[in-house]
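Novice: Dropping in protein.txt, which is compact mmCIF, C-alpha atoms:
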```
# COMPACT_ATOMS: atom_id res chain seq x y z
CA MET Z 7 3.82 -0.92 -17.26
CA ARG Z 8 0.78 -0.35 -15.18
CA LEU Z 9 0.15 -0.67 -11.50
CA THR Z 10 -3.32 -2.14 -11.15
CA THR Z 11 -6.02 -1.37 -8.63
CA LYS Z 12 -4.83 -4.21 -6.41
CA GLY Z 13 -1.44 -2.61 -5.79
CA ARG Z 14 -2.82 0.91 -5.48
CA TYR Z 15 -5.53 -0.10 -3.02
CA ALA Z 16 -3.09 -2.17 -0.94
CA VAL Z 17 -0.74 0.80 -0.57
CA THR Z 18 -3.66 3.15 0.16
CA ALA Z 19 -5.08 0.82 2.82
CA MET Z 20 -1.68 0.31 4.47
CA LEU Z 21 -1.08 4.07 4.55
CA ASP Z 22 -4.53 4.56 6.09
CA LEU Z 23 -3.64 1.93 8.70
CA ALA Z 24 -0.35 3.70 9.45
CA LEU Z 25 -2.02 7.12 9.69
CA ASN Z 26 -4.61 5.77 12.13
CA ALA Z 27 -2.32 3.48 14.15
CA ASN Z 28 -2.49 5.65 17.28
CA GLN Z 29 -6.19 4.84 17.62
CA GLY Z 30 -5.56 1.13 18.21
CA PRO Z 31 -6.67 -1.60 15.84
CA VAL Z 32 -8.31 -0.23 12.70
CA CYS Z 33 -11.30 -2.06 11.27
CA LEU Z 34 -11.57 -2.62 7.55
CA ALA Z 35 -15.02 -1.01 7.47
CA ASP Z 36 -13.45 2.29 8.56
CA ILE Z 37 -10.73 2.04 5.90
CA SER Z 38 -13.41 1.13 3.36
CA LYS Z 39 -15.44 4.21 4.28
CA ARG Z 40 -12.50 6.63 4.37
CA GLN Z 41 -10.87 5.41 1.16
CA SER Z 42 -13.96 4.37 -0.83
CA ILE Z 43 -12.65 0.83 -1.31
CA SER Z 44 -15.02 -2.13 -1.30
CA LEU Z 45 -14.98 -3.96 2.04
CA SER Z 46 -14.88 -7.37 0.35
CA TYR Z 47 -11.92 -6.25 -1.76
CA LEU Z 48 -10.10 -5.03 1.38
CA GLU Z 49 -10.74 -8.39 3.04
CA GLN Z 50 -9.03 -10.14 0.14
CA LEU Z 51 -6.08 -7.74 0.21
CA PHE Z 52 -5.67 -8.00 3.98
CA ALA Z 53 -5.63 -11.80 3.80
CA ARG Z 54 -2.57 -11.48 1.56
CA LEU Z 55 -1.02 -8.74 3.69
CA ARG Z 56 -1.49 -10.94 6.77
CA ARG Z 57 0.16 -13.94 5.03
CA ALA Z 58 3.07 -11.65 4.11
CA GLU Z 59 3.30 -10.72 7.82
CA LEU Z 60 2.78 -7.01 7.19
CA VAL Z 61 -0.36 -6.79 9.35
CA THR Z 62 -1.81 -8.64 12.28
CA SER Z 63 -5.46 -8.97 13.20
CA VAL Z 64 -7.00 -8.27 16.59
CA ARG Z 65 -10.24 -10.11 17.29
CA GLY Z 66 -13.19 -9.08 19.42
CA PRO Z 67 -14.85 -5.78 20.24
CA GLY Z 68 -12.60 -2.93 19.23
CA GLY Z 69 -10.66 -5.31 17.00
CA GLY Z 70 -9.27 -4.71 13.59
CA TYR Z 71 -5.81 -4.63 12.05
CA ARG Z 72 -2.45 -3.29 13.14
CA LEU Z 73 0.83 -3.02 11.31
CA ARG Z 74 2.97 -5.99 12.27
CA ARG Z 75 6.18 -4.00 11.88
CA ALA Z 76 7.14 -0.40 12.39
CA PRO Z 77 6.03 1.82 9.48
CA GLY Z 78 9.69 2.58 8.74
CA ASP Z 79 10.27 -1.14 8.15
CA ILE Z 80 7.51 -1.54 5.55
CA SER Z 81 8.33 -0.42 2.03
CA VAL Z 82 5.82 0.41 -0.68
CA ALA Z 83 7.46 -2.31 -2.80
CA GLY Z 84 6.90 -4.81 0.02
CA VAL Z 85 3.19 -3.97 0.12
CA ILE Z 86 2.86 -4.30 -3.65
CA ASP Z 87 4.77 -7.60 -3.64
CA ALA Z 88 2.57 -8.93 -0.82
CA VAL Z 89 -0.55 -8.68 -2.99
CA ASN Z 90 1.23 -10.34 -5.93
CA GLU Z 91 1.32 -7.18 -7.98
CA SER Z 92 3.96 -6.67 -10.64
CA VAL Z 93 5.61 -3.43 -11.62
CA ASP Z 94 7.42 -5.04 -14.54
CA ALA Z 95 7.74 -2.71 -17.51
CA THR Z 96 8.60 -5.44 -20.01
CA ARG Z 97 5.97 -6.85 -22.30
CA CYS Z 98 7.26 -10.37 -21.66
CA GLN Z 99 7.29 -10.21 -17.83
CA GLY Z 100 11.09 -10.49 -17.94
CA GLN Z 101 11.05 -13.83 -19.77
CA ALA Z 102 13.01 -12.48 -22.78
CA ASP Z 103 10.59 -14.01 -25.27
CA CYS Z 104 9.01 -10.74 -26.37
CA HIS Z 105 9.96 -10.91 -30.05
CA GLN Z 106 8.89 -14.18 -31.63
CA GLY Z 107 10.35 -16.20 -28.77
CA SER Z 108 13.52 -14.16 -28.27
CA LYS Z 109 14.45 -10.77 -26.79
CA CYS Z 110 13.17 -7.67 -28.49
CA ILE Z 111 15.66 -4.90 -29.22
CA THR Z 112 14.40 -2.80 -26.28
CA HIS Z 113 14.20 -5.66 -23.76
CA HIS Z 114 17.14 -4.43 -21.66
CA LEU Z 115 15.75 -0.88 -21.59
CA TRP Z 116 12.45 -2.10 -20.10
CA CYS Z 117 14.27 -4.42 -17.67
CA ASP Z 118 16.36 -1.47 -16.48
CA LEU Z 119 13.21 0.62 -16.05
CA SER Z 120 11.59 -2.18 -14.02
CA ASP Z 121 14.68 -2.33 -11.80
CA GLU Z 122 14.57 1.45 -11.26
CA ILE Z 123 10.88 1.35 -10.34
CA GLN Z 124 11.51 -1.50 -7.90
CA ARG Z 125 14.41 0.40 -6.32
CA PHE Z 126 12.33 3.59 -6.07
CA LEU Z 127 9.41 1.84 -4.37
CA SER Z 128 11.75 -0.12 -2.09
CA ASP Z 129 13.26 3.13 -0.85
CA ILE Z 130 9.91 4.58 0.27
CA SER Z 131 8.54 3.41 3.60
CA LEU Z 132 5.09 3.89 5.09
CA GLU Z 133 6.74 6.08 7.71
CA GLU Z 134 7.98 8.45 5.01
CA LEU Z 135 4.50 8.64 3.51
CA VAL Z 136 2.96 9.32 6.93
CA ARG Z 137 5.42 12.17 7.47
CA ARG Z 138 4.51 13.83 4.19
CA GLU Z 139 2.35 16.85 4.81
CA GLU Z 140 0.02 16.09 1.90
CA SER Z 141 -0.80 12.65 3.37
CA ARG Z 142 -1.68 14.14 6.74
CA LEU Z 143 -3.74 16.94 5.18
CA THR Z 144 -5.67 14.53 2.98
CA ALA Z 145 -6.31 12.22 5.94
CA SER Z 146 -7.61 15.13 8.00
CA ARG Z 147 -10.27 15.83 5.35
CA GLN Z 148 -11.53 12.24 5.30
CA PRO Z 149 -14.51 11.40 7.49
CA ALA Z 150 -13.65 10.05 10.92
CA GLU Z 151 -15.40 6.98 12.31
CA ASP Z 152 -17.40 9.22 14.63
CA SER Z 153 -17.20 12.72 16.02
CA ALA Z 154 -15.56 11.57 19.27
CA LEU Z 155 -12.63 10.26 17.26
CA ALA Z 156 -12.27 13.58 15.46
CA ASP Z 157 -11.83 15.26 18.86
CA ASP Z 158 -9.30 12.68 20.10
CA PRO Z 159 -6.01 14.41 21.08
CA ALA Z 160 -3.90 11.61 19.56
CA THR Z 161 -5.71 11.99 16.23
CA ILE Z 162 -5.32 15.75 16.30
CA ALA Z 163 -1.60 15.45 17.13
CA LEU Z 164 -1.06 12.97 14.29
CA LEU Z 165 -2.67 15.31 11.79
CA GLN Z 166 -0.74 18.42 12.85
```
Would you mind writing the structure in this file as structure tokens?

Specialist:
Amino acid sequence: MRLTTKGRYAVTAMLDLALNANQGPVCLADISKRQSISLSYLEQLFARLRRAELVTSVRGPGGGYRLRRAPGDISVAGVIDAVNESVDATRCQGQADCHQGSKCITHHLWCDLSDEIQRFLSDISLEELVRREESRLTASRQPAEDSALADDPATIALLQ
């Protein structure tokens, strides 16, 4: 089982969006700069996140993206699912054809592990990640869009 870059980057970008939500719409270029994720890759991910109704876009000057729901209502599993990522631990993607067309002897073990991973990720919301001290500390070390933003009282309050 391996979570690919697509799932990791989607969760990272959504957490960045949640951490910076008090600043208004967040543009993908800022997320790209702060998280060192390709802008074109973020555009692809956010198209999927928008179709899954996790984010909404705001057009025009000062536009960008906002969370469509409260951070407490968005699970890590929901973000991963939205970008068509799988956290399946089976070799057969749950099809039970892993041993010459039939179940291997450890098939149920890997299915159970997949279920546990899904449950674990479903129980973690973006709000919980935002509240974690290590998330806030890491975000405070990342470069702000400009120095005026770094002095913004809402930003300072979010990071405290």

Novice: If you count only C-alpha atoms, which residues fall within 9 Å of Z:Glu133, apart from same-chain ones fewer than 6 positions away, as a VMD selection string?

Specialist: chain Z and resid 21 24 76 to 81

Novice: Which protein, DNA or RNA residues have an atom at most 10 Å from (0.3, 8.9, 3.9), counting all atoms listed in the file? List them as a PyMOL selection string.

Specialist: chain Z and resi 17-25+131-145

Novice: Set the distance at 12 Å and use only C-alpha atoms: which residues neighbour Z:His114 once local chain neighbours fewer than 2 positions away are removed? I'd like the list as a PyMOL selection string.

Specialist: chain Z and resi 95-98+100-102+104+109-112+116-121

Novice: So how many Å separate atom CA of Z:Ile86 and atom CA of Z:Gly66, to one decimal?

Specialist: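 Value for the atom CA of Z:Ile86-atom CA of Z:Gly66 distance: 28.5 Å.
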
Novice: Using all atoms listed in the file, pick whichever of Z:Val32, Z:Lys39, Z:Val89, Z:Val82 has the shortest atom-to-atom distance to Z:Thr62.

Specialist: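 Nearest candidate to Z:Thr62 out of Z:Val32, Z:Lys39, Z:Val89, Z:Val82: Z:Val32.
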
Novice: Let me make sure I understand: among Z:Val85, Z:Ala27, Z:Ile43, Z:Leu48, which one has the smallest atom-to-atom distance to Z:Leu60 if we use all atoms listed in the file?

Specialist: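 Looking only at the distances to Z:Leu60, the closest residue turns out to be Z:Val85.
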
Novice: With only C-alpha atoms as the basis for distance, which of Z:Ala83, Z:Gln124, Z:Thr10, Z:Ala16 is at the shortest distance from Z:Phe52?

Specialist: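 Looking only at the distances to Z:Phe52, the closest residue turns out to be Z:Ala16.
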
Novice: Which residues are close to Z:Gln50, i.e. within 12 Å by all atoms listed in the file, leaving aside same-chain residues fewer than 2 positions away? Reply as a list in words.

Specialist: Lys12, Tyr15, Ala16, Ala19, Leu34, Ile43, Ser44, Leu45, Ser46, Tyr47, Leu48, Phe52, Ala53, Arg54, Leu55, Arg56, Arg57, Ala88, Val89 and Asn90 of chain Z

Novice: Mind pulling up the distance from atom CA of Z:Asp87 to atom CA of Z:Glu59?

Specialist: 12.0 Å

Novice: Atom CA of Z:Arg72 and atom CA of Z:Ile130, how far apart in Å?

Specialist: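 Separating atom CA of Z:Ile130 from atom CA of Z:Arg72 is a distance of 19.5 Å.
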